[in-house]
>>> print(open('start_25.txt').read())   # compact mmCIF, C-alpha atoms and all ligand atoms
# COMPACT_ATOMS: atom_id res chain seq x y z
CA MET A 1 0.00 0.00 0.00
CA GLN A 2 1.44 3.28 -1.13
CA GLN A 3 1.55 5.83 1.71
CA HIS A 4 2.81 8.92 -0.08
CA GLN A 5 0.40 11.53 -1.29
CA ASN A 6 1.22 12.79 -4.78
CA ALA A 7 -0.08 15.81 -6.69
CA PHE A 8 -2.19 15.25 -9.80
CA THR A 9 -2.31 18.35 -12.01
CA VAL A 10 -3.98 19.24 -15.29
CA ASP A 11 -3.08 22.16 -17.58
CA VAL A 12 -6.44 23.26 -18.99
CA GLU A 13 -5.93 24.41 -22.56
CA ASP A 14 -7.33 23.37 -25.91
CA TYR A 15 -5.33 21.14 -28.27
CA PHE A 16 -4.48 24.08 -30.54
CA GLN A 17 -2.98 26.18 -27.72
CA VAL A 18 0.16 24.13 -27.05
CA SER A 19 3.50 25.75 -27.84
CA ALA A 20 4.43 22.98 -30.29
CA LEU A 21 1.54 24.00 -32.59
CA GLU A 22 1.88 27.78 -32.28
CA ARG A 23 3.40 28.22 -35.75
CA HIS A 24 0.68 26.07 -37.33
CA ILE A 25 -2.37 27.50 -35.53
CA PRO A 26 -1.57 31.16 -34.76
CA LYS A 27 -3.19 32.85 -31.77
CA ALA A 28 -5.13 35.17 -34.09
CA THR A 29 -7.08 32.13 -35.37
CA TRP A 30 -7.93 30.58 -31.97
CA THR A 31 -11.48 31.94 -31.92
CA GLN A 32 -12.17 30.25 -35.29
CA GLN A 33 -11.05 26.81 -34.07
CA GLN A 34 -13.53 24.15 -33.12
CA GLY A 35 -12.80 23.83 -29.40
CA ARG A 36 -12.68 20.39 -27.80
CA VAL A 37 -11.66 21.35 -24.26
CA GLU A 38 -15.14 20.83 -22.74
CA GLU A 39 -15.66 17.20 -23.80
CA ASN A 40 -12.05 16.32 -23.06
CA THR A 41 -12.06 17.87 -19.59
CA GLU A 42 -15.38 16.20 -18.79
CA ARG A 43 -13.85 12.82 -19.67
CA LEU A 44 -11.06 13.53 -17.26
CA LEU A 45 -13.46 14.69 -14.53
CA GLU A 46 -15.40 11.46 -14.87
CA LEU A 47 -12.20 9.41 -14.57
CA LEU A 48 -11.00 11.31 -11.49
CA GLU A 49 -14.45 11.03 -9.92
CA ARG A 50 -14.44 7.25 -10.35
CA HIS A 51 -11.14 7.05 -8.47
CA ALA A 52 -12.23 9.65 -5.88
CA VAL A 53 -9.17 11.76 -6.74
CA LYS A 54 -9.06 15.55 -6.34
CA ALA A 55 -6.61 17.41 -8.56
CA THR A 56 -5.32 20.89 -9.37
CA PHE A 57 -6.43 22.37 -12.70
CA PHE A 58 -4.08 25.11 -13.96
CA THR A 59 -6.49 26.90 -16.27
CA LEU A 60 -5.96 29.56 -18.94
CA GLY A 61 -7.86 32.83 -18.38
CA TRP A 62 -8.75 32.64 -22.09
CA ILE A 63 -10.50 29.29 -21.46
CA ALA A 64 -12.31 30.55 -18.34
CA GLU A 65 -13.74 33.53 -20.25
CA ARG A 66 -15.13 31.29 -22.98
CA HIS A 67 -16.07 28.24 -20.90
CA PRO A 68 -17.10 29.58 -17.47
CA ARG A 69 -19.55 26.71 -16.96
CA LEU A 70 -16.73 24.18 -17.43
CA VAL A 71 -14.47 25.93 -14.92
CA ARG A 72 -17.30 26.06 -12.36
CA GLN A 73 -17.96 22.38 -13.00
CA ILE A 74 -14.31 21.53 -12.25
CA ALA A 75 -14.48 23.53 -8.99
CA THR A 76 -17.82 21.96 -8.03
CA HIS A 77 -16.19 18.52 -8.27
CA GLY A 78 -13.87 19.63 -5.45
CA HIS A 79 -10.80 20.29 -7.57
CA GLU A 80 -8.47 23.26 -7.11
CA ILE A 81 -8.59 25.98 -9.79
CA ALA A 82 -5.21 27.62 -10.40
CA SER A 83 -3.81 29.85 -13.16
CA HIS A 84 -1.94 28.77 -16.30
CA GLY A 85 -1.64 32.41 -17.44
CA TYR A 86 -4.08 34.23 -19.69
CA ASP A 87 -3.38 33.05 -23.24
CA HIS A 88 -0.41 30.67 -22.97
CA THR A 89 2.25 33.26 -23.75
CA ARG A 90 5.53 31.83 -22.52
CA VAL A 91 7.19 33.85 -19.75
CA THR A 92 10.37 33.89 -21.82
CA TYR A 93 8.51 36.27 -24.19
CA MET A 94 7.37 38.60 -21.40
CA ASP A 95 8.97 41.38 -19.38
CA PRO A 96 8.04 42.11 -15.74
CA VAL A 97 5.27 44.53 -16.78
CA THR A 98 3.53 42.18 -19.22
CA PHE A 99 4.01 39.22 -16.84
CA LYS A 100 2.38 41.13 -13.98
CA ALA A 101 -0.54 42.07 -16.23
CA ASP A 102 -0.93 38.44 -17.38
CA ILE A 103 -0.93 36.86 -13.90
CA THR A 104 -3.25 39.56 -12.52
CA ARG A 105 -5.75 39.23 -15.38
CA SER A 106 -5.83 35.42 -15.39
CA ARG A 107 -6.26 35.28 -11.60
CA ALA A 108 -9.11 37.83 -11.70
CA VAL A 109 -10.95 35.95 -14.47
CA LEU A 110 -10.68 32.62 -12.61
CA GLU A 111 -11.76 34.14 -9.29
CA ASP A 112 -14.74 35.87 -10.95
CA VAL A 113 -15.88 32.62 -12.49
CA THR A 114 -15.50 30.40 -9.39
CA GLY A 115 -15.82 32.87 -6.51
CA THR A 116 -12.80 31.19 -4.88
CA ALA A 117 -9.29 32.59 -4.26
CA VAL A 118 -6.59 31.33 -6.63
CA ALA A 119 -3.30 30.34 -4.94
CA GLY A 120 -1.37 28.53 -7.65
CA TYR A 121 0.30 29.41 -10.94
CA ARG A 122 1.95 27.33 -13.63
CA ALA A 123 3.87 29.06 -16.42
CA PRO A 124 2.96 27.98 -19.95
CA THR A 125 5.44 25.36 -21.17
CA PHE A 126 7.36 25.49 -17.83
CA SER A 127 8.89 28.75 -19.07
CA PHE A 128 10.63 29.87 -15.87
CA THR A 129 14.33 30.05 -16.66
CA ARG A 130 17.56 31.43 -15.18
CA GLN A 131 16.82 34.66 -17.13
CA ASN A 132 13.44 35.45 -15.56
CA THR A 133 14.02 34.94 -11.84
CA TRP A 134 12.15 38.27 -11.27
CA VAL A 135 8.89 36.30 -11.45
CA TYR A 136 8.55 35.32 -7.77
CA PRO A 137 8.06 38.73 -6.10
CA LEU A 138 5.49 39.58 -8.78
CA LEU A 139 3.54 36.39 -8.08
CA ALA A 140 3.58 37.17 -4.35
CA GLU A 141 2.39 40.76 -4.95
CA SER A 142 -0.44 39.46 -7.13
CA GLY A 143 -1.80 37.21 -4.37
CA TYR A 144 -0.38 33.83 -5.38
CA ARG A 145 1.11 31.46 -2.81
CA TYR A 146 2.82 28.89 -5.01
CA SER A 147 4.12 28.18 -8.47
CA SER A 148 4.74 24.93 -10.34
CA SER A 149 6.63 26.33 -13.29
CA VAL A 150 10.11 24.85 -13.28
CA ALA A 151 11.22 21.73 -15.10
CA PRO A 152 14.68 20.91 -13.68
CA VAL A 153 15.76 19.24 -16.94
CA ARG A 154 17.58 19.90 -20.19
CA HIS A 155 15.02 20.28 -23.00
CA ASP A 156 14.93 22.25 -26.25
CA LEU A 157 11.81 24.24 -25.27
CA TYR A 158 12.13 24.73 -21.50
CA GLY A 159 13.90 23.84 -18.29
CA ILE A 160 16.58 24.83 -15.77
CA PRO A 161 18.81 21.73 -15.78
CA ASP A 162 20.48 22.44 -12.43
CA ALA A 163 17.41 23.76 -10.54
CA ALA A 164 16.25 22.17 -7.26
CA ARG A 165 14.29 18.98 -7.93
CA HIS A 166 11.86 19.34 -5.02
CA ALA A 167 9.69 22.09 -3.50
CA TRP A 168 11.54 25.12 -2.14
CA ARG A 169 10.52 28.53 -0.86
CA ASP A 170 11.58 31.76 -2.54
CA GLU A 171 12.35 34.74 -0.27
CA SER A 172 9.20 36.43 -1.64
CA GLY A 173 7.23 33.70 0.18
CA ILE A 174 6.26 31.81 -2.99
CA THR A 175 6.75 28.04 -2.84
CA GLU A 176 8.05 26.64 -6.14
CA ILE A 177 7.04 23.03 -6.77
CA PRO A 178 9.00 21.70 -9.76
CA ILE A 179 7.66 18.98 -12.01
CA SER A 180 8.99 15.54 -10.99
CA THR A 181 12.27 14.19 -12.26
CA ILE A 182 14.52 11.30 -11.44
CA ARG A 183 18.25 11.68 -11.11
CA ALA A 184 20.51 9.22 -12.92
CA GLY A 185 24.08 9.45 -14.15
CA GLY A 186 24.43 13.03 -12.91
CA ARG A 187 21.43 14.27 -14.92
CA ASN A 188 17.75 14.87 -14.26
CA PHE A 189 15.15 13.16 -16.42
CA PRO A 190 11.52 14.27 -16.56
CA CYS A 191 9.09 11.66 -15.28
CA GLY A 192 6.03 13.64 -14.17
CA GLY A 193 3.75 13.14 -17.14
CA GLY A 194 3.49 14.90 -20.49
CA GLY A 195 5.32 13.17 -23.34
CA PHE A 196 7.13 10.84 -20.93
CA PHE A 197 3.85 9.26 -19.84
CA ARG A 198 2.71 8.68 -23.41
CA LEU A 199 5.95 7.75 -25.18
CA TYR A 200 7.31 5.17 -22.72
CA PRO A 201 5.60 2.09 -21.25
CA TYR A 202 3.52 2.75 -18.12
CA ALA A 203 5.94 0.64 -16.04
CA MET A 204 8.51 3.43 -16.44
CA THR A 205 6.19 6.01 -14.89
CA ARG A 206 5.32 3.62 -12.05
CA TRP A 207 9.00 2.96 -11.35
CA CYS A 208 9.72 6.71 -11.35
CA VAL A 209 6.85 7.66 -9.03
CA ARG A 210 7.99 4.98 -6.57
CA ARG A 211 11.57 6.19 -6.78
CA VAL A 212 10.57 9.81 -6.07
CA ASN A 213 8.41 8.65 -3.15
CA GLU A 214 10.78 6.10 -1.66
CA ARG A 215 14.29 7.27 -2.47
CA ASP A 216 13.70 11.04 -2.33
CA GLY A 217 10.88 10.80 0.25
CA GLN A 218 8.95 13.40 -1.77
CA PRO A 219 5.54 13.63 -3.41
CA CYS A 220 5.47 13.12 -7.16
CA ILE A 221 4.07 15.96 -9.31
CA PHE A 222 2.22 14.59 -12.33
CA TYR A 223 0.82 16.77 -15.11
CA MET A 224 -1.34 16.23 -18.18
CA HIS A 225 -3.69 18.08 -20.53
CA PRO A 226 -7.35 17.52 -21.48
CA TRP A 227 -6.30 17.02 -25.14
CA GLU A 228 -4.36 13.91 -24.10
CA MET A 229 -7.77 12.25 -23.58
CA ASP A 230 -8.64 12.89 -27.25
CA ALA A 231 -7.15 10.57 -29.87
CA GLU A 232 -9.56 11.99 -32.48
CA GLN A 233 -8.35 15.60 -32.26
CA PRO A 234 -7.71 17.38 -35.59
CA ARG A 235 -4.11 17.30 -36.85
CA PRO A 236 -2.94 20.42 -38.65
CA PRO A 237 -1.00 19.60 -41.84
CA GLY A 238 2.73 20.21 -42.21
CA LEU A 239 3.89 19.25 -38.69
CA GLY A 240 7.47 18.09 -38.23
CA LEU A 241 8.25 14.59 -37.01
CA LYS A 242 9.28 15.68 -33.50
CA THR A 243 6.00 17.53 -32.95
CA ARG A 244 3.97 14.63 -34.34
CA VAL A 245 5.66 12.19 -31.96
CA ARG A 246 5.43 14.49 -28.93
CA HIS A 247 1.82 15.50 -29.40
CA TYR A 248 0.08 12.48 -30.93
CA LEU A 249 2.00 9.28 -30.18
CA ASN A 250 0.11 6.77 -28.01
CA LEU A 251 -2.86 9.07 -27.32
CA ARG A 252 -5.12 6.01 -27.46
CA ARG A 253 -3.24 4.44 -24.57
CA VAL A 254 -3.72 7.39 -22.21
CA PRO A 255 -7.10 6.59 -20.60
CA ALA A 256 -6.11 3.02 -19.63
CA ARG A 257 -2.72 4.19 -18.34
CA LEU A 258 -4.39 6.85 -16.23
CA GLU A 259 -6.69 4.25 -14.69
CA GLN A 260 -3.59 2.33 -13.67
CA LEU A 261 -1.79 5.41 -12.34
CA LEU A 262 -4.79 6.48 -10.28
CA ARG A 263 -5.08 2.95 -8.84
CA ASP A 264 -1.39 2.46 -8.09
CA PHE A 265 -0.77 5.67 -6.11
CA ARG A 266 -2.52 8.18 -3.86
CA TRP A 267 -3.25 11.54 -5.48
CA ASN A 268 -4.54 14.89 -4.29
CA ARG A 269 -4.67 18.59 -5.18
CA MET A 270 -1.45 20.57 -4.99
CA ASP A 271 -2.62 22.92 -2.20
CA GLN A 272 -3.50 19.94 0.00
CA VAL A 273 -0.43 17.83 -0.68
CA PHE A 274 1.80 20.78 0.25
CA ALA A 275 -0.54 22.34 2.86
CA LEU A 276 -0.41 25.71 1.08
ZN ZN A 301 0.15 24.68 -21.24
>>> encode(input="start_25.txt", output="structure tokens")
Amino acid sequence: MQQHQNAFTVDVEDYFQVSALERHIPKATWTQQQGRVEENTERLLELLERHAVKATFFTLGWIAERHPRLVRQIATHGHEIASHGYDHTRVTYMDPVTFKADITRSRAVLEDVTGTAVAGYRAPTFSFTRQNTWVYPLLAESGYRYSSSVAPVRHDLYGIPDAARHAWRDESGITEIPISTIRAGGRNFPCGGGGFFRLYPYAMTRWCVRRVNERDGQPCIFYMHPWEMDAEQPRPPGLGLKTRVRHYLNLRRVPARLEQLLRDFRWNRMDQVFAL
């Protein structure tokens, strides 16, 4: 019987809002896209409900403005609503002024929709880097208590390879809770969901969660997206091989793997796992 409590998190965005597709489906065309976030999130809510798991949903302000009923439904199920920024602009493209405006606007939209205070923030595409360490005081000023925006790995799109692997507190008072990794051969490897969960056999994820729990004595932070529940999602033409593999490979296997993951370990919302 697994004793550790782990954090299950969902980044609520539509399939066309991921960074890997931004050159193929520009932001200016988002309102013309056929959204699939409602059906996909409802599938996920049903799955979590069946396993009596509460999770944290890092939600885009853009989504909350257009799908307020969905966001209220997530909150009504007992899940935590947190911010994933307003429109998925990576923090690496923002300066302190635009970042402050983004985190303030997204928090206000989410709080208006749910009537509940928002404590958590996750940067789009884990875009906290060594260059934008000015983020923490701004999050604290804007009313946030924690962030889950660092991937302590080497990756072509994101990451701080030598960052702390487990939760730490910034002097601004913000607790940063990095996405889970395992350490092997002097390097960190991502193991907290996303492509890792889909590309490799489930046994790898199970081994990694156990290792984080037992060897590090820490909760595992798992993340996914509603579009990962949707093998039928439209595929824009002209995508490169890397994007096709990262975004679409093994989508059909996700629901069954999630069942297994939810059975094998204990999961809860971020604010409860870390008593924030
Ligand atoms: Zn995202």
>>> closest_residue(input="start_25.txt", among="A:Phe128, A:Leu251, A:Thr104, A:Lys54", to="Leu157 of chain A", atoms="all atoms listed in the file")
A:Phe128
>>> residues_near_ligand(input="start_25.txt", ligand="ligand ZN 301 (chain A)", cutoff="7 Å", atoms="all atoms listed in the file", output="list in words")
Asp11, Glu13, Val18, His84, His88, Pro124 and Thr125 of chain A
>>> residues_near_point(input="start_25.txt", point="(9.7, 14.9, -29.4)", cutoff="10 Å", atoms="all atoms listed in the file", output="mmCIF file with C-alpha atoms, keeping the file's coordinate frame")
data_model
loop_
_atom_site.group_PDB
_atom_site.id
_atom_site.type_symbol
_atom_site.label_atom_id
_atom_site.label_comp_id
_atom_site.auth_asym_id
_atom_site.auth_seq_id
_atom_site.Cartn_x
_atom_site.Cartn_y
_atom_site.Cartn_z
ATOM 1 C CA ALA A 20 4.430 22.980 -30.290
ATOM 2 C CA HIS A 155 15.020 20.280 -23.000
ATOM 3 C CA ASP A 156 14.930 22.250 -26.250
ATOM 4 C CA GLY A 195 5.320 13.170 -23.340
ATOM 5 C CA PHE A 196 7.130 10.840 -20.930
ATOM 6 C CA LEU A 199 5.950 7.750 -25.180
ATOM 7 C CA GLY A 240 7.470 18.090 -38.230
ATOM 8 C CA LEU A 241 8.250 14.590 -37.010
ATOM 9 C CA LYS A 242 9.280 15.680 -33.500
ATOM 10 C CA THR A 243 6.000 17.530 -32.950
ATOM 11 C CA ARG A 244 3.970 14.630 -34.340
ATOM 12 C CA VAL A 245 5.660 12.190 -31.960
ATOM 13 C CA ARG A 246 5.430 14.490 -28.930
ATOM 14 C CA HIS A 247 1.820 15.500 -29.400
ATOM 15 C CA LEU A 249 2.000 9.280 -30.180
#
>>> closest_residue(input="start_25.txt", among="A:Arg154, A:His67, A:Lys100, A:Arg72", to="Phe126 of chain A", atoms="all atoms listed in the file")
A:Arg154
>>> axis_aligned_box(input="start_25.txt", around="segment 113-125 of chain A", padding_each_side="6 Å", output="lines of an AutoDock Vina configuration file")
center_x = -5.2
center_y = 29.1
center_z = -12.7
size_x = 33.3
size_y = 19.5
size_z = 28.9
>>> atom_distance(input="start_25.txt", atom1="atom CA of Glu42 of chain A", atom2="atom CA of Met270 of chain A")
20.1 Å
>>> closest_residue(input="start_25.txt", among="A:Thr114, A:Ser147, A:Gln17, A:Gln5", to="Leu276 of chain A", atoms="all atoms listed in the file")
A:Ser147
>>> residues_around(input="start_25.txt", residues="Tyr93 of chain A", least_positions_apart="4", cutoff="10 Å", atoms="all atoms listed in the file", output="ChimeraX atom specification")
/A:89,98-99,127,132
>>> write_last_selection(input="start_25.txt", atoms="C-alpha atoms", output="PDB file, in the coordinates of the input")
ATOM      1  CA  THR A  89       2.250  33.260 -23.750  1.00  0.00           C
ATOM      2  CA  THR A  98       3.530  42.180 -19.220  1.00  0.00           C
ATOM      3  CA  PHE A  99       4.010  39.220 -16.840  1.00  0.00           C
ATOM      4  CA  SER A 127       8.890  28.750 -19.070  1.00  0.00           C
ATOM      5  CA  ASN A 132      13.440  35.450 -15.560  1.00  0.00           C
TER       6      ASN A 132
END
>>> atom_distance(input="start_25.txt", atom1="atom CA of Tyr136 of chain A", atom2="atom CA of Gly120 of chain A")
12.0 Å
>>> residues_around(input="start_25.txt", residues="Ala64 of chain A", least_positions_apart="5", cutoff="10 Å", atoms="only C-alpha atoms", output="ChimeraX atom specification")
/A:12-13,59,69-72,83,86,106,109-114
>>> residues_around(input="start_25.txt", residues="segment 231-233 of chain A", least_positions_apart="6", cutoff="10 Å", atoms="only C-alpha atoms", output="VMD selection string")
chain A and resid 15 to 16 35 to 36 40 248 to 254
>>> residues_around(input="start_25.txt", residues="Glu80 of chain A", least_positions_apart="5", cutoff="10 Å", atoms="only C-alpha atoms", output="ChimeraX atom specification")
/A:9,54-58,74-75,116-120,268-272
>>> closest_residue(input="start_25.txt", among="A:Ala52, A:Arg90, A:Glu38, A:Val209", to="Gln73 of chain A", atoms="all atoms listed in the file")
A:Glu38
